[in-house]
Amino acid sequence: MKFDKNFLFGVATSAAQVEGAALEDGRGLSIWDTFARIPGAIADGSLPDPTCDMYHHWKSDIQLMKELNIESYRFSFSWSRILPDGKGRINEKGLDYYKRMIDELHKQGIVPNATIYHWDLPYELEREGGWLNRDIVNWYGEYASLLFKEFGDSVPIWATINEPVATYVGYAMGFFAPGYKNEKYGRQVNHHILFAHGEGVQRFREAGLKDAKIGIVVDIWNHHPLRPDNEEDQRLAEMENEKTYRSYLNPIFRGCYSDKLLHYMEENHCMPQMEPGDMEKISRKIDFFGLNCYNRVVDCADPDLLQNRKREILGGNYLDDGTEFYPKAVYDAAHILHDEYKLDIPIYVTENGLANCKQQVEEDGSIHDTERIQYLNGFLEWIEKAINDGIDIRGYYVWSLLDNWEWCGGHKARYGLVHVDFDTQQRTCKDSAVWYKNKIAEVKKDS
Ligand code: IFM
């Protein structure tokens with residue numbers, strides 16, 4: 001079986017990573033604008049402004065998508081561009097920006113796929129405790145309702161949250177905004193962001209949209225034991241899975257945290273405060289699942305072995321940057337959702353991409369990112385296999401359209417199909433952009 005004719009091929013970005021214009025037209029600051037100013041927080045000391053300045057280049061960037069045969073564009077709204085204080089006062093100019101962009105997407109026949117929250121919490125809300133404050137569920141709900149009222153059915157695909165784990169990282173591990181290192185905070189914000197997701201789903205249903213669907217985007221980095229027969233490695237990998245993606249999938253699809261995670265949180269004094277009824281809201285039925293997938297993770301209880309013999313033991317393929325090339329990760333993730341969680345809703349692969357491969361602009365203007373092509377093609381082959389197994393996957397989005405601002409990686413990690421010169425804002429298609437364009441044309445011709 002081939003990709004269905006309705007299968008959507010897209011590209012993904014997020015507001016904080018591409019828009020720039022952080023202080024323009026009434027926008028309020030986000031936690032990433034302030035976090036990026038902390039010395040040492042960002043690998044190259046860059047700020048999320050101007051990055052690719054899409055706030056001013058949106059029209060030509062959409063034109064570029066059209067030229068590349070892109071069928072759907074996944075973007076996120078900047079909460080603080082729309083509500084500069086995170087709540088209350090509405091910034092009409094912010095709403096206008098997204099209206100113009102969505103209209104243009106429709107004009108070009110590109111399907112909008114919008115994420116309500118992709119990590120850029122308004123700074124004013126962080127000053128009130130941010131994701132630690134249970135009131136955030138209502139702040140988020142009001143913001144989501146405003147978006148549904150303003151944009152409604154003009155956006156057929158809505159996601160409540162992108163990768164809730166990023167909020168955990170920001171409060172428990174310190175290298176994402178707002179920069180706390182506290183496991184108890186991390187577990188609490190995890191609970192609140194899941195609860196906000198449930199609130200978003202409820203608000204969406206109340207908005208009564210006819211032609212739109214709502215889901216959530218979670219990244220699955222499945223952990224494998226380095227030595228499959230070693231019990232310690234197995235236990236480690238299993239526990240890591242419980243603490244990461246399963247800590248979202250279990251509440252969303254089963255309405256509970258797993259016993260293993262509850263035990264861990266109890267033992268480590270980081271049990272979040274929850275209230276009766278939270279899980280009912282978190283597990284409200286969604287219309288689709290957004291799967292972000294980049295790789296697997298391999299765990300070993302013996303750190304020396306992991307450090308020195310991982311490659312040899314795995315015997316797999318490796319990319320130039322030293323990470324493993326394991327495109328089957330997406331097939332495994334689709335099977336986890338289908339076999340274990342018994343998903344009866346469609347899956348969209350909402351992100352997949354590669355940062356650190358050849359980026360050099362040659363004298364003739366070409367950029368031969370052969371490794372990116374190999375990587376993307378490998379994942380698409382495994383997606384096709386999962387579809388052949390009967391798993392309902394409806395779309396695939398490359399992360400990312402443009403080289404952009406990779407959070408604490410700054411501008412060092414370039415994920416784009418299209419190279420961006422951050423000084424001149426010049427866009428140059430890499431070989432992978434041309435490959436993707438041709439791939440889409442070829443698939444659509446045959447379907
Ligand atoms: O850039 C990020 C994106 O914001 C969320 N998913 C992973 C990408 C690459 O790290």
# chains A, B, ... in the order shown; residues from 1 in each chain; ligands from 1
$ closest_atom_pairs --of "chain A" --to "ligand 1" --cutoff "8 Å" --atoms "only C-alpha atoms and all ligand atoms" --output "tab-separated table"
residue	atom	partner	partner_atom_place_in_ligand_line	distance
A:Thr13	CA	ligand 1	4 (O)	7.2
A:Ser14	CA	ligand 1	4 (O)	6.3
A:Gln17	CA	ligand 1	4 (O)	7.2
A:His118	CA	ligand 1	4 (O)	7.1
A:Trp119	CA	ligand 1	4 (O)	7.9
A:Asn162	CA	ligand 1	5 (C)	7.1
A:Glu163	CA	ligand 1	5 (C)	6.8
A:Asp219	CA	ligand 1	6 (N)	7.5
A:Asn292	CA	ligand 1	6 (N)	6.9
A:Tyr294	CA	ligand 1	7 (C)	8.0
A:Glu351	CA	ligand 1	6 (N)	6.7
A:Asn352	CA	ligand 1	7 (C)	8.0
A:Gly353	CA	ligand 1	9 (C)	7.4
A:Leu354	CA	ligand 1	9 (C)	7.9
A:Ala355	CA	ligand 1	9 (C)	7.7
A:Trp399	CA	ligand 1	8 (C)	6.7
A:Ser400	CA	ligand 1	1 (O)	7.9
A:Trp405	CA	ligand 1	1 (O)	7.6
A:Glu406	CA	ligand 1	1 (O)	5.1
A:Trp407	CA	ligand 1	1 (O)	6.9
A:Tyr415	CA	ligand 1	9 (C)	7.3
$ select_by_dssp --residues "region 212-371 of chain A" --states "strand (DSSP E)" --output "PyMOL selection string"
chain A and resi 213-219+223-225+288-292+297-299+317-318+324-325+347-351
$ write_last_selection --atoms "N, CA and C atoms" --output "CSV table (one decimal), in the first residue's frame"
chain,number,residue,atom,x,y,z
A,213,LYS,N,-10.7,19.7,14.2
A,213,LYS,CA,-10.4,18.6,15.1
A,213,LYS,C,-9.4,19.1,16.1
A,214,ILE,N,-9.4,18.4,17.3
A,214,ILE,CA,-8.5,18.8,18.4
A,214,ILE,C,-7.7,17.6,18.8
A,215,GLY,N,-6.4,17.8,19.1
A,215,GLY,CA,-5.5,16.8,19.6
A,215,GLY,C,-4.4,17.4,20.4
A,216,ILE,N,-3.4,16.5,20.8
A,216,ILE,CA,-2.3,17.0,21.5
A,216,ILE,C,-1.0,16.4,20.8
A,217,VAL,N,0.1,17.1,21.0
A,217,VAL,CA,1.3,16.6,20.4
A,217,VAL,C,2.3,16.1,21.5
A,218,VAL,N,2.7,14.9,21.4
A,218,VAL,CA,3.6,14.3,22.4
A,218,VAL,C,4.8,13.7,21.7
A,219,ASP,N,6.0,13.9,22.2
A,219,ASP,CA,7.2,13.3,21.6
A,219,ASP,C,7.5,12.0,22.2
A,223,HIS,N,12.8,4.4,25.1
A,223,HIS,CA,14.1,3.9,25.7
A,223,HIS,C,14.2,2.4,25.5
A,224,HIS,N,15.4,2.0,25.1
A,224,HIS,CA,15.7,0.5,24.9
A,224,HIS,C,16.8,0.1,25.8
A,225,PRO,N,16.8,-1.1,26.3
A,225,PRO,CA,18.0,-1.5,27.1
A,225,PRO,C,19.2,-1.8,26.1
A,288,PHE,N,-7.4,13.4,17.4
A,288,PHE,CA,-6.2,12.8,16.7
A,288,PHE,C,-5.0,12.9,17.7
A,289,PHE,N,-4.0,12.2,17.4
A,289,PHE,CA,-2.8,12.2,18.2
A,289,PHE,C,-1.6,12.7,17.4
A,290,GLY,N,-0.9,13.7,17.8
A,290,GLY,CA,0.3,14.3,17.1
A,290,GLY,C,1.5,13.6,17.7
A,291,LEU,N,2.2,12.9,16.9
A,291,LEU,CA,3.4,12.2,17.3
A,291,LEU,C,4.7,12.9,16.8
A,292,ASN,N,5.5,13.4,17.7
A,292,ASN,CA,6.8,13.9,17.3
A,292,ASN,C,7.8,12.8,17.5
A,297,VAL,N,16.2,6.1,22.5
A,297,VAL,CA,17.3,6.3,23.5
A,297,VAL,C,17.7,5.0,24.0
A,298,VAL,N,19.0,4.8,24.2
A,298,VAL,CA,19.5,3.5,24.6
A,298,VAL,C,20.1,3.7,26.0
A,299,ASP,N,19.6,2.8,27.0
A,299,ASP,CA,20.0,2.9,28.4
A,299,ASP,C,20.8,1.7,28.8
A,317,ASN,N,23.5,2.2,12.5
A,317,ASN,CA,24.0,3.3,11.7
A,317,ASN,C,24.2,4.5,12.5
A,318,TYR,N,25.2,5.3,12.2
A,318,TYR,CA,25.4,6.5,12.9
A,318,TYR,C,25.5,7.7,12.0
A,324,GLU,N,22.7,8.0,16.8
A,324,GLU,CA,22.3,6.8,16.0
A,324,GLU,C,21.2,7.2,15.0
A,325,PHE,N,21.3,6.5,13.8
A,325,PHE,CA,20.2,6.7,12.8
A,325,PHE,C,19.3,5.5,13.0
A,347,ILE,N,-3.4,9.2,13.7
A,347,ILE,CA,-2.1,9.8,14.1
A,347,ILE,C,-1.6,10.7,13.0
A,348,TYR,N,-1.0,11.8,13.4
A,348,TYR,CA,-0.2,12.6,12.5
A,348,TYR,C,1.2,12.6,13.0
A,349,VAL,N,2.2,12.4,12.2
A,349,VAL,CA,3.6,12.6,12.6
A,349,VAL,C,3.8,14.1,12.5
A,350,THR,N,3.8,14.8,13.6
A,350,THR,CA,3.8,16.2,13.5
A,350,THR,C,5.2,16.8,13.5
A,351,GLU,N,6.2,16.0,13.8
A,351,GLU,CA,7.6,16.5,13.7
A,351,GLU,C,8.5,15.4,13.5
$ closest_atom_pairs --of "region 2-112 of chain A" --to "region 428-437 of chain A" --cutoff "12 Å" --atoms "only C-alpha atoms" --output "CSV"
residue,atom,partner,partner_atom,distance
A:Phe9,CA,A:Tyr436,CA,9.1
A:Gly10,CA,A:Tyr436,CA,9.7
A:Val11,CA,A:Tyr436,CA,10.1
A:Asp61,CA,A:Thr428,CA,11.4
A:Leu64,CA,A:Cys429,CA,9.3
A:Met65,CA,A:Lys437,CA,9.3
A:Lys66,CA,A:Lys437,CA,9.6
A:Glu67,CA,A:Lys437,CA,8.0
A:Leu68,CA,A:Lys437,CA,4.7
A:Asn69,CA,A:Lys437,CA,5.5
A:Ile70,CA,A:Lys437,CA,7.3
A:Glu71,CA,A:Lys437,CA,10.3
$ write_last_selection --atoms "N, CA and C atoms" --output "mmCIF file, in the first residue's frame"
data_model
loop_
_atom_site.group_PDB
_atom_site.id
_atom_site.type_symbol
_atom_site.label_atom_id
_atom_site.label_comp_id
_atom_site.auth_asym_id
_atom_site.auth_seq_id
_atom_site.Cartn_x
_atom_site.Cartn_y
_atom_site.Cartn_z
ATOM 1 N N PHE A 9 1.363 16.023 3.510
ATOM 2 C CA PHE A 9 2.800 16.256 3.679
ATOM 3 C C PHE A 9 2.984 17.724 4.064
ATOM 4 N N GLY A 10 3.624 17.943 5.199
ATOM 5 C CA GLY A 10 3.742 19.316 5.666
ATOM 6 C C GLY A 10 5.114 19.657 6.197
ATOM 7 N N VAL A 11 5.188 20.872 6.698
ATOM 8 C CA VAL A 11 6.375 21.335 7.430
ATOM 9 C C VAL A 11 5.883 21.990 8.714
ATOM 10 N N ASP A 61 7.421 33.423 2.673
ATOM 11 C CA ASP A 61 7.670 32.066 3.186
ATOM 12 C C ASP A 61 6.526 31.119 2.801
ATOM 13 N N LEU A 64 7.044 30.240 -0.709
ATOM 14 C CA LEU A 64 8.091 29.218 -0.788
ATOM 15 C C LEU A 64 7.507 27.829 -0.507
ATOM 16 N N MET A 65 6.635 27.751 0.517
ATOM 17 C CA MET A 65 5.986 26.458 0.825
ATOM 18 C C MET A 65 5.231 25.969 -0.400
ATOM 19 N N LYS A 66 4.524 26.894 -1.029
ATOM 20 C CA LYS A 66 3.737 26.527 -2.214
ATOM 21 C C LYS A 66 4.661 25.952 -3.297
ATOM 22 N N GLU A 67 5.788 26.641 -3.503
ATOM 23 C CA GLU A 67 6.731 26.182 -4.532
ATOM 24 C C GLU A 67 7.288 24.799 -4.197
ATOM 25 N N LEU A 68 7.340 24.484 -2.911
ATOM 26 C CA LEU A 68 7.884 23.188 -2.492
ATOM 27 C C LEU A 68 6.797 22.102 -2.388
ATOM 28 N N ASN A 69 5.612 22.382 -2.899
ATOM 29 C CA ASN A 69 4.492 21.410 -2.890
ATOM 30 C C ASN A 69 3.980 21.087 -1.488
ATOM 31 N N ILE A 70 4.280 21.942 -0.511
ATOM 32 C CA ILE A 70 3.858 21.665 0.865
ATOM 33 C C ILE A 70 2.333 21.729 0.949
ATOM 34 N N GLU A 71 1.735 20.709 1.581
ATOM 35 C CA GLU A 71 0.267 20.647 1.626
ATOM 36 C C GLU A 71 -0.317 21.170 2.939
#
$ residues_around --residues "Ala144 (chain A)" --least-positions-apart "2" --cutoff "9 Å" --atoms "only C-alpha atoms" --output "PDB file with N, CA, C and O atoms, in the first residue's frame"
ATOM      1  N   ILE A 116      -1.688  25.611  20.011  1.00  0.00           N
ATOM      2  CA  ILE A 116      -2.059  26.724  20.892  1.00  0.00           C
ATOM      3  C   ILE A 116      -0.883  27.117  21.784  1.00  0.00           C
ATOM      4  O   ILE A 116      -0.629  28.300  22.001  1.00  0.00           O
ATOM      5  N   TRP A 139      -6.234  30.395  32.863  1.00  0.00           N
ATOM      6  CA  TRP A 139      -5.608  31.378  31.943  1.00  0.00           C
ATOM      7  C   TRP A 139      -5.468  30.758  30.556  1.00  0.00           C
ATOM      8  O   TRP A 139      -5.775  31.386  29.547  1.00  0.00           O
ATOM      9  N   TYR A 140      -5.002  29.515  30.542  1.00  0.00           N
ATOM     10  CA  TYR A 140      -4.833  28.820  29.265  1.00  0.00           C
ATOM     11  C   TYR A 140      -6.199  28.628  28.583  1.00  0.00           C
ATOM     12  O   TYR A 140      -6.345  28.816  27.376  1.00  0.00           O
ATOM     13  N   GLY A 141      -7.185  28.265  29.375  1.00  0.00           N
ATOM     14  CA  GLY A 141      -8.525  28.021  28.831  1.00  0.00           C
ATOM     15  C   GLY A 141      -9.101  29.273  28.170  1.00  0.00           C
ATOM     16  O   GLY A 141      -9.684  29.211  27.078  1.00  0.00           O
ATOM     17  N   GLU A 142      -8.908  30.426  28.831  1.00  0.00           N
ATOM     18  CA  GLU A 142      -9.427  31.684  28.266  1.00  0.00           C
ATOM     19  C   GLU A 142      -8.719  32.009  26.958  1.00  0.00           C
ATOM     20  O   GLU A 142      -9.339  32.450  25.990  1.00  0.00           O
ATOM     21  N   LEU A 146     -10.400  32.162  23.183  1.00  0.00           N
ATOM     22  CA  LEU A 146     -10.253  33.329  22.306  1.00  0.00           C
ATOM     23  C   LEU A 146      -9.814  32.875  20.907  1.00  0.00           C
ATOM     24  O   LEU A 146     -10.344  33.333  19.885  1.00  0.00           O
ATOM     25  N   LEU A 147      -8.856  31.963  20.859  1.00  0.00           N
ATOM     26  CA  LEU A 147      -8.381  31.474  19.551  1.00  0.00           C
ATOM     27  C   LEU A 147      -9.505  30.761  18.793  1.00  0.00           C
ATOM     28  O   LEU A 147      -9.665  30.959  17.586  1.00  0.00           O
ATOM     29  N   PHE A 148     -10.293  29.948  19.510  1.00  0.00           N
ATOM     30  CA  PHE A 148     -11.373  29.228  18.821  1.00  0.00           C
ATOM     31  C   PHE A 148     -12.403  30.219  18.277  1.00  0.00           C
ATOM     32  O   PHE A 148     -12.938  30.047  17.194  1.00  0.00           O
ATOM     33  N   LYS A 149     -12.643  31.295  19.060  1.00  0.00           N
ATOM     34  CA  LYS A 149     -13.629  32.297  18.621  1.00  0.00           C
ATOM     35  C   LYS A 149     -13.097  33.054  17.399  1.00  0.00           C
ATOM     36  O   LYS A 149     -13.812  33.284  16.438  1.00  0.00           O
ATOM     37  N   THR A 160      -3.582  21.242  21.367  1.00  0.00           N
ATOM     38  CA  THR A 160      -3.605  22.019  22.616  1.00  0.00           C
ATOM     39  C   THR A 160      -2.196  22.426  23.054  1.00  0.00           C
ATOM     40  O   THR A 160      -1.943  23.572  23.398  1.00  0.00           O
ATOM     41  N   GLU A 199      -8.558  21.069  29.681  1.00  0.00           N
ATOM     42  CA  GLU A 199      -9.385  22.286  29.665  1.00  0.00           C
ATOM     43  C   GLU A 199      -9.534  22.783  28.219  1.00  0.00           C
ATOM     44  O   GLU A 199     -10.618  23.192  27.790  1.00  0.00           O
ATOM     45  N   GLY A 200      -8.424  22.730  27.466  1.00  0.00           N
ATOM     46  CA  GLY A 200      -8.450  23.168  26.065  1.00  0.00           C
ATOM     47  C   GLY A 200      -9.416  22.323  25.243  1.00  0.00           C
ATOM     48  O   GLY A 200     -10.166  22.845  24.415  1.00  0.00           O
ATOM     49  N   ARG A 203     -12.911  23.400  26.150  1.00  0.00           N
ATOM     50  CA  ARG A 203     -13.247  24.701  25.535  1.00  0.00           C
ATOM     51  C   ARG A 203     -13.519  24.538  24.040  1.00  0.00           C
ATOM     52  O   ARG A 203     -14.358  25.202  23.467  1.00  0.00           O
ATOM     53  N   PHE A 204     -12.732  23.658  23.419  1.00  0.00           N
ATOM     54  CA  PHE A 204     -12.901  23.406  21.984  1.00  0.00           C
ATOM     55  C   PHE A 204     -14.295  22.840  21.718  1.00  0.00           C
ATOM     56  O   PHE A 204     -14.995  23.278  20.806  1.00  0.00           O
TER      57      PHE A 204
END
$ select_by_dssp --residues "region 129-301 of chain A" --states "alpha helix (DSSP H)" --output "MDAnalysis selection string"
chainID A and resid 136:151 165:168 183:207 231:243 246:249 259:267 278:282
$ closest_atom_pairs --of "region 81-196 of chain A" --to "region 275-278 of chain A" --cutoff "10 Å" --atoms "only C-alpha atoms" --output "CSV"
residue,atom,partner,partner_atom,distance
A:His191,CA,A:Asp278,CA,8.9
A:His192,CA,A:Asp278,CA,9.3
A:Leu194,CA,A:Asp278,CA,9.0
A:Phe195,CA,A:Asp278,CA,6.4
A:Ala196,CA,A:Asp278,CA,9.8
$ write_last_selection --atoms "N, CA and C atoms" --output "PDB file, in the first residue's frame"
ATOM      1  N   HIS A 191       1.623  17.953  35.650  1.00  0.00           N
ATOM      2  CA  HIS A 191       0.205  17.718  35.946  1.00  0.00           C
ATOM      3  C   HIS A 191      -0.639  18.907  35.452  1.00  0.00           C
ATOM      4  N   HIS A 192      -0.154  20.109  35.720  1.00  0.00           N
ATOM      5  CA  HIS A 192      -0.933  21.292  35.328  1.00  0.00           C
ATOM      6  C   HIS A 192      -1.052  21.410  33.805  1.00  0.00           C
ATOM      7  N   LEU A 194      -1.030  18.996  31.652  1.00  0.00           N
ATOM      8  CA  LEU A 194      -1.996  17.986  31.185  1.00  0.00           C
ATOM      9  C   LEU A 194      -3.426  18.439  31.485  1.00  0.00           C
ATOM     10  N   PHE A 195      -3.577  19.043  32.651  1.00  0.00           N
ATOM     11  CA  PHE A 195      -4.899  19.532  33.054  1.00  0.00           C
ATOM     12  C   PHE A 195      -5.329  20.675  32.105  1.00  0.00           C
ATOM     13  N   ALA A 196      -4.363  21.519  31.738  1.00  0.00           N
ATOM     14  CA  ALA A 196      -4.660  22.609  30.787  1.00  0.00           C
ATOM     15  C   ALA A 196      -5.058  22.023  29.433  1.00  0.00           C
TER      16      ALA A 196
END
$ residues_around --residues "region 95-102 of chain A" --least-positions-apart "3" --cutoff "9 Å" --atoms "only C-alpha atoms" --output "ChimeraX atom specification"
/A:55,58-59,62,77,81-82,90-92,105-107,111-112,147,150-151,154-155
$ write_last_selection --atoms "C-alpha atoms" --output "PDB file, in the first residue's frame"
ATOM      1  CA  TYR A  55       6.654  38.166  11.271  1.00  0.00           C
ATOM      2  CA  TRP A  58       5.342  35.296   6.245  1.00  0.00           C
ATOM      3  CA  LYS A  59       4.012  35.983   2.754  1.00  0.00           C
ATOM      4  CA  ILE A  62       4.183  30.782   2.367  1.00  0.00           C
ATOM      5  CA  PHE A  77       0.349  31.017  18.106  1.00  0.00           C
ATOM      6  CA  ARG A  81       1.539  38.412  20.899  1.00  0.00           C
ATOM      7  CA  ILE A  82      -2.200  37.918  21.339  1.00  0.00           C
ATOM      8  CA  ILE A  90      -6.193  41.605  23.770  1.00  0.00           C
ATOM      9  CA  ASN A  91      -3.636  42.800  21.205  1.00  0.00           C
ATOM     10  CA  GLU A  92      -5.642  43.190  17.983  1.00  0.00           C
ATOM     11  CA  LEU A 105      -2.423  29.707   3.567  1.00  0.00           C
ATOM     12  CA  HIS A 106      -5.974  29.088   2.358  1.00  0.00           C
ATOM     13  CA  LYS A 107      -5.343  31.178  -0.734  1.00  0.00           C
ATOM     14  CA  VAL A 111      -3.936  23.379   5.239  1.00  0.00           C
ATOM     15  CA  PRO A 112      -3.288  25.275   8.506  1.00  0.00           C
ATOM     16  CA  LEU A 147      -8.381  31.474  19.551  1.00  0.00           C
ATOM     17  CA  GLU A 150     -11.256  34.247  16.366  1.00  0.00           C
ATOM     18  CA  PHE A 151      -9.982  31.487  14.081  1.00  0.00           C
ATOM     19  CA  SER A 154     -10.413  28.360   9.446  1.00  0.00           C
ATOM     20  CA  VAL A 155      -7.943  26.067  11.222  1.00  0.00           C
TER      21      VAL A 155
END
$ residues_around --residues "Asn190 (chain A)" --least-positions-apart "3" --cutoff "7 Å" --atoms "only C-alpha atoms" --output "number ranges by chain"
A: 164, 167-168, 186-187, 193-194
$ residues_around --residues "Tyr171 (chain A)" --least-positions-apart "6" --cutoff "12 Å" --atoms "only C-alpha atoms" --output "mmCIF file with N, CA and C atoms, in the first residue's frame"
data_model
loop_
_atom_site.group_PDB
_atom_site.id
_atom_site.type_symbol
_atom_site.label_atom_id
_atom_site.label_comp_id
_atom_site.auth_asym_id
_atom_site.auth_seq_id
_atom_site.Cartn_x
_atom_site.Cartn_y
_atom_site.Cartn_z
ATOM 1 N N ILE A 31 8.664 33.798 28.282
ATOM 2 C CA ILE A 31 9.743 33.332 29.167
ATOM 3 C C ILE A 31 11.029 33.058 28.396
ATOM 4 N N TRP A 119 5.575 26.175 24.175
ATOM 5 C CA TRP A 119 6.650 26.484 25.122
ATOM 6 C C TRP A 119 6.837 27.957 25.495
ATOM 7 N N GLU A 126 4.477 33.980 34.108
ATOM 8 C CA GLU A 126 5.557 33.352 34.884
ATOM 9 C C GLU A 126 5.751 34.123 36.190
ATOM 10 N N GLY A 129 3.836 32.752 38.893
ATOM 11 C CA GLY A 129 4.050 31.330 39.214
ATOM 12 C C GLY A 129 4.034 30.428 37.995
ATOM 13 N N GLY A 130 3.608 30.966 36.863
ATOM 14 C CA GLY A 130 3.625 30.198 35.615
ATOM 15 C C GLY A 130 2.902 28.865 35.737
ATOM 16 N N TRP A 131 3.531 27.813 35.229
ATOM 17 C CA TRP A 131 2.888 26.497 35.211
ATOM 18 C C TRP A 131 2.780 25.878 36.602
ATOM 19 N N LEU A 132 3.401 26.507 37.609
ATOM 20 C CA LEU A 132 3.261 25.983 38.979
ATOM 21 C C LEU A 132 1.941 26.414 39.617
ATOM 22 N N PRO A 164 4.549 18.359 26.055
ATOM 23 C CA PRO A 164 4.482 18.802 27.457
ATOM 24 C C PRO A 164 5.795 18.618 28.212
ATOM 25 N N VAL A 165 6.628 17.672 27.763
ATOM 26 C CA VAL A 165 7.879 17.404 28.484
ATOM 27 C C VAL A 165 8.783 18.637 28.541
ATOM 28 N N ALA A 177 13.595 27.369 29.472
ATOM 29 C CA ALA A 177 12.914 28.401 30.264
ATOM 30 C C ALA A 177 11.777 27.755 31.056
ATOM 31 N N PRO A 178 11.524 28.223 32.280
ATOM 32 C CA PRO A 178 12.142 29.364 32.949
ATOM 33 C C PRO A 178 13.430 29.047 33.716
ATOM 34 N N GLY A 179 13.907 27.807 33.674
ATOM 35 C CA GLY A 179 15.245 27.535 34.203
ATOM 36 C C GLY A 179 15.338 27.006 35.625
ATOM 37 N N TYR A 180 14.246 26.430 36.151
ATOM 38 C CA TYR A 180 14.336 25.833 37.498
ATOM 39 C C TYR A 180 14.933 24.419 37.428
ATOM 40 N N LYS A 181 15.501 24.012 38.565
ATOM 41 C CA LYS A 181 16.029 22.639 38.640
ATOM 42 C C LYS A 181 15.420 21.964 39.855
ATOM 43 N N ASN A 182 14.197 21.552 39.732
ATOM 44 C CA ASN A 182 13.500 21.029 40.893
ATOM 45 C C ASN A 182 12.497 19.960 40.428
ATOM 46 N N GLU A 183 12.757 18.735 40.809
ATOM 47 C CA GLU A 183 11.932 17.613 40.333
ATOM 48 C C GLU A 183 10.459 17.757 40.766
ATOM 49 N N LYS A 184 10.271 18.284 41.983
ATOM 50 C CA LYS A 184 8.880 18.430 42.456
ATOM 51 C C LYS A 184 8.143 19.448 41.579
ATOM 52 N N TYR A 185 8.841 20.550 41.253
ATOM 53 C CA TYR A 185 8.242 21.530 40.338
ATOM 54 C C TYR A 185 7.896 20.855 39.011
ATOM 55 N N GLY A 186 8.870 20.069 38.536
ATOM 56 C CA GLY A 186 8.690 19.418 37.228
ATOM 57 C C GLY A 186 7.443 18.552 37.193
ATOM 58 N N ARG A 187 7.252 17.758 38.248
ATOM 59 C CA ARG A 187 6.086 16.851 38.275
ATOM 60 C C ARG A 187 4.785 17.658 38.427
ATOM 61 N N GLN A 188 4.878 18.784 39.158
ATOM 62 C CA GLN A 188 3.665 19.603 39.326
ATOM 63 C C GLN A 188 3.266 20.264 38.007
ATOM 64 N N VAL A 189 4.257 20.837 37.297
ATOM 65 C CA VAL A 189 3.904 21.503 36.034
ATOM 66 C C VAL A 189 3.438 20.485 34.995
ATOM 67 N N ASN A 190 3.989 19.283 35.056
ATOM 68 C CA ASN A 190 3.505 18.219 34.164
ATOM 69 C C ASN A 190 2.010 18.001 34.379
#
$ residues_around --residues "Arg309 (chain A)" --least-positions-apart "5" --cutoff "12 Å" --atoms "only C-alpha atoms" --output "list in words"
Leu226, Arg227, Val298, Cys300, Asp302, Pro303, Asp304, Leu314 and Gly315 of chain A
$ closest_residue --among "A:Ala22, A:Val137, A:Leu47, A:Ile387" --to "Gly410 (chain A)" --atoms "only C-alpha atoms"
A:Leu47
$ atom_distance --atom1 "CA of Asn295 (chain A)" --atom2 "CA of Ala329 (chain A)"
5.6 Å
